[in-house]
Amino acid sequence: MNLADRLESYLTAESLALIRLIKTEAERLDLPLYIVGGSVRDLMLGREIHDFDLTVEGDAAQLAESVLRKYGGRVVFHTHFGTATWTLDDNTFKRLNVPKLAPSSFPSILDFISARSETYSRPGVLPTVKRSTIDDDLRRRDFTVNAMAVRLDGVEYGQIYDPLGGQADLEQRLIRVLHSRSFVDDPTRMLRAVRYAQRYGFEIEPETLSLLNDEARAVLAQLSGERLRHEFDLLFEEQNPSALLNRLAELDLLRPIHPLLPLANSQLPVLEPSSSEYGEFIVPDILSFRQTLGWTLWLISWPVSDVDAIAKRLGFPVLLAKSAHSASSLLGGLPSFVNWKPSQWTFYLDDIPTLAVYAVYLVTKEQPLHQYLTKWQNVKPTISGHDLKARGLQPGPRYAEILRQLRAARLDGDVKSDQEENLLLDKLIQ
């Protein structure tokens, strides 16, 4: 089967132009070049392709260096895994003579990967890798539908390579592992099997489903928090994370990670980015807004001590741990805030990450939280520290107290104009 026509149909003109430039360099260096894995799967499903894993039979770093010299940008080499990441910059786009468009139409980051084989010294550890053939590279992968390649160079351009029956499983809508020890070698594949099945509306093939067994669960329980958290980070980017969490619980894949996880409320509100009326949210550098909000909402109904235990087990970044902790604490304390003034709400919520406030609002629809996010947090007195200094006040703690009182008066409606604010300042100074 040749997918040349499908490549031409499903890739943007800009992406095709970029691939042609890279394949020209690969041909010059006599390096067989393929797209592999998820890109091929999505191509065969007729889905838009945003990312490309470009696999080379040979030295991927050599190809990356060649395109770097010719087209600029920046390359980071990962020698342990035989990969290189090429980041295109503004100068690169100019040299390519292609306008810099949205990432969906023109990838700005490309991974070059040396075809490799993998061996596992013991269950659950990261593999030992060595450079090998495209056949070995496909056989090290997780599922048959991710173990196909399409040739990009030479006369075989567009030719599909499918030694493990991935195309047949795509047609039958099945998720199938490549060998019986797959989940023991890498237990995160169990989580990915559920994620792929949910995303594409596939079924986990019966024999593969039987391999989600106690031996694999025991290895899953031993994995590092960072590896486990990353899989859930990806889960929260899926269209229906609630269904995924429910399915993981049904398959008893949450308990080995932490015994509290199956008890969490998996019916999450919509995780789409909020309206701009709520302002900007600060999230960890390594996580998206959707991922940070997903974690916070999943854990929000637990006691703070349990949230902290999960955060420690899964190696949460500091900002995520604080968001989850604060949301749990705020939700638990809401009943005691009845009849608070806007200023009381504001001064209390100012010390809480706004994403945590937003998460609690999504769960409770408490209007003071909405008012804080959309209005109160931005209310400030017009008088500043410079004005206080001009009035003869010496800098010090008194500044902060006066400005706080002026802000409270604005929030509570006791001051409605700049003139009234100045009159209040006169009283405070006296």
# chains A, B, ... in the order shown; residues from 1 in each chain; ligands from 1
call {"tool": "select_by_dssp", "arguments": {"residues": "range 133-280 of chain A", "states": "strand (DSSP E or B)", "output": "compact mmCIF listing (two decimals) with C-alpha atoms, in the first residue's frame"}}
result
# COMPACT_ATOMS: atom_id res chain seq x y z
CA PHE A 143 0.55 -1.24 20.00
CA ALA A 149 6.02 3.52 9.07
CA VAL A 150 5.80 5.43 5.79
CA ARG A 151 8.93 5.90 3.67
CA GLN A 159 5.27 3.18 0.80
CA ILE A 160 3.81 1.85 4.06
CA TYR A 161 5.77 -0.64 6.15
CA LEU A 174 -8.62 -2.80 18.01
CA ILE A 175 -5.83 -1.86 20.41
CA VAL A 177 0.03 -5.09 22.21
CA GLU A 203 -11.85 -1.79 21.83
CA ILE A 204 -8.90 -3.29 23.67
call {"tool": "residues_around", "arguments": {"residues": "Leu43 in chain A", "least_positions_apart": "4", "cutoff": "8 Å", "atoms": "only C-alpha atoms", "output": "VMD selection string"}}
result
chain A and resid 6 to 7 10 39 47 to 49
call {"tool": "write_last_selection", "arguments": {"atoms": "all heavy atoms", "output": "PDB file, in the first residue's frame"}}
result
ATOM      1  N   ARG A   6      -2.266  10.173  -0.003  1.00  0.00           N
ATOM      2  CA  ARG A   6      -2.846  10.592   1.273  1.00  0.00           C
ATOM      3  C   ARG A   6      -1.953  11.622   1.959  1.00  0.00           C
ATOM      4  O   ARG A   6      -2.446  12.557   2.588  1.00  0.00           O
ATOM      5  CB  ARG A   6      -3.069   9.377   2.168  1.00  0.00           C
ATOM      6  CG  ARG A   6      -3.903   9.680   3.390  1.00  0.00           C
ATOM      7  CD  ARG A   6      -4.401   8.434   4.081  1.00  0.00           C
ATOM      8  NE  ARG A   6      -5.341   7.695   3.246  1.00  0.00           N
ATOM      9  CZ  ARG A   6      -6.131   6.736   3.721  1.00  0.00           C
ATOM     10  NH1 ARG A   6      -6.087   6.412   5.002  1.00  0.00           N
ATOM     11  NH2 ARG A   6      -6.952   6.083   2.924  1.00  0.00           N
ATOM     12  N   LEU A   7      -0.660  11.457   1.850  1.00  0.00           N
ATOM     13  CA  LEU A   7       0.251  12.472   2.382  1.00  0.00           C
ATOM     14  C   LEU A   7      -0.030  13.827   1.740  1.00  0.00           C
ATOM     15  O   LEU A   7      -0.098  14.855   2.424  1.00  0.00           O
ATOM     16  CB  LEU A   7       1.704  12.073   2.123  1.00  0.00           C
ATOM     17  CG  LEU A   7       2.336  11.049   3.060  1.00  0.00           C
ATOM     18  CD1 LEU A   7       3.669  10.578   2.489  1.00  0.00           C
ATOM     19  CD2 LEU A   7       2.546  11.637   4.449  1.00  0.00           C
ATOM     20  N   TYR A  10      -3.613  15.116   3.175  1.00  0.00           N
ATOM     21  CA  TYR A  10      -3.871  15.404   4.576  1.00  0.00           C
ATOM     22  C   TYR A  10      -2.826  16.310   5.230  1.00  0.00           C
ATOM     23  O   TYR A  10      -3.027  16.753   6.360  1.00  0.00           O
ATOM     24  CB  TYR A  10      -3.998  14.107   5.378  1.00  0.00           C
ATOM     25  CG  TYR A  10      -5.301  13.401   5.125  1.00  0.00           C
ATOM     26  CD1 TYR A  10      -5.387  12.342   4.234  1.00  0.00           C
ATOM     27  CD2 TYR A  10      -6.465  13.809   5.767  1.00  0.00           C
ATOM     28  CE1 TYR A  10      -6.589  11.697   3.983  1.00  0.00           C
ATOM     29  CE2 TYR A  10      -7.669  13.171   5.539  1.00  0.00           C
ATOM     30  CZ  TYR A  10      -7.733  12.114   4.645  1.00  0.00           C
ATOM     31  OH  TYR A  10      -8.929  11.487   4.394  1.00  0.00           O
ATOM     32  N   SER A  39       1.810   9.371  13.824  1.00  0.00           N
ATOM     33  CA  SER A  39       1.587  10.142  12.597  1.00  0.00           C
ATOM     34  C   SER A  39       0.992   9.259  11.503  1.00  0.00           C
ATOM     35  O   SER A  39       0.078   9.669  10.777  1.00  0.00           O
ATOM     36  CB  SER A  39       2.905  10.755  12.112  1.00  0.00           C
ATOM     37  OG  SER A  39       3.451  11.623  13.080  1.00  0.00           O
ATOM     38  N   ARG A  47      -7.078  11.687   9.917  1.00  0.00           N
ATOM     39  CA  ARG A  47      -7.066  12.765  10.905  1.00  0.00           C
ATOM     40  C   ARG A  47      -5.931  13.737  10.592  1.00  0.00           C
ATOM     41  O   ARG A  47      -4.899  13.366  10.040  1.00  0.00           O
ATOM     42  CB  ARG A  47      -6.879  12.192  12.322  1.00  0.00           C
ATOM     43  CG  ARG A  47      -8.022  11.275  12.740  1.00  0.00           C
ATOM     44  CD  ARG A  47      -7.669  10.536  14.009  1.00  0.00           C
ATOM     45  NE  ARG A  47      -7.600  11.418  15.159  1.00  0.00           N
ATOM     46  CZ  ARG A  47      -8.572  11.576  16.053  1.00  0.00           C
ATOM     47  NH1 ARG A  47      -9.714  10.935  15.916  1.00  0.00           N
ATOM     48  NH2 ARG A  47      -8.417  12.375  17.088  1.00  0.00           N
ATOM     49  N   GLU A  48      -6.136  14.984  10.993  1.00  0.00           N
ATOM     50  CA  GLU A  48      -5.106  15.993  10.758  1.00  0.00           C
ATOM     51  C   GLU A  48      -3.868  15.669  11.583  1.00  0.00           C
ATOM     52  O   GLU A  48      -3.960  15.275  12.748  1.00  0.00           O
ATOM     53  CB  GLU A  48      -5.639  17.378  11.151  1.00  0.00           C
ATOM     54  CG  GLU A  48      -4.702  18.517  10.789  1.00  0.00           C
ATOM     55  CD  GLU A  48      -5.310  19.878  11.082  1.00  0.00           C
ATOM     56  OE1 GLU A  48      -6.455  19.928  11.570  1.00  0.00           O
ATOM     57  OE2 GLU A  48      -4.620  20.882  10.825  1.00  0.00           O
ATOM     58  N   ILE A  49      -2.700  15.837  10.975  1.00  0.00           N
ATOM     59  CA  ILE A  49      -1.436  15.533  11.637  1.00  0.00           C
ATOM     60  C   ILE A  49      -0.764  16.840  12.038  1.00  0.00           C
ATOM     61  O   ILE A  49      -0.556  17.724  11.206  1.00  0.00           O
ATOM     62  CB  ILE A  49      -0.507  14.727  10.711  1.00  0.00           C
ATOM     63  CG1 ILE A  49      -1.170  13.394  10.335  1.00  0.00           C
ATOM     64  CG2 ILE A  49       0.833  14.457  11.391  1.00  0.00           C
ATOM     65  CD1 ILE A  49      -0.388  12.603   9.318  1.00  0.00           C
TER      66      ILE A  49
END
call {"tool": "select_by_dssp", "arguments": {"residues": "range 142-321 of chain A", "states": "helix (DSSP H, G or I)", "output": "VMD selection string"}}
result
chain A and resid 144 to 146 154 to 156 166 to 172 182 to 185 188 to 200 206 to 210 214 to 222 225 to 235 241 to 250 261 to 263 276 to 278 289 to 299 304 to 313 318 to 321
call {"tool": "residues_around", "arguments": {"residues": "Arg404 in chain A", "least_positions_apart": "2", "cutoff": "12 Å", "atoms": "only C-alpha atoms", "output": "list of chain:residue names"}}
result
A:Ser343, A:Gln344, A:Thr346, A:Phe347, A:Val379, A:Lys380, A:Pro381, A:Thr382, A:Ile383, A:Ser384, A:Gly385, A:Pro397, A:Arg398, A:Tyr399, A:Ala400, A:Glu401, A:Ile402, A:Leu406, A:Arg407, A:Ala408, A:Ala409, A:Arg410, A:Leu411, A:Leu425, A:Leu428
call {"tool": "closest_residue", "arguments": {"among": "A:Glu226, A:Asp135, A:Asp30, A:Glu277", "to": "Gly154 in chain A", "atoms": "only C-alpha atoms"}}
result
A:Asp30
call {"tool": "residues_around", "arguments": {"residues": "Ala221 in chain A", "least_positions_apart": "5", "cutoff": "9 Å", "atoms": "only C-alpha atoms", "output": "PyMOL selection string"}}
result
chain A and resi 187+216+255-258
call {"tool": "closest_residue", "arguments": {"among": "A:Met1, A:Leu209, A:Leu423, A:Ile286", "to": "Val318 in chain A", "atoms": "only C-alpha atoms"}}
result
A:Ile286
call {"tool": "closest_residue", "arguments": {"among": "A:Arg391, A:Leu330, A:Asn246, A:Leu251", "to": "Asn213 in chain A", "atoms": "only C-alpha atoms"}}
result
A:Leu251
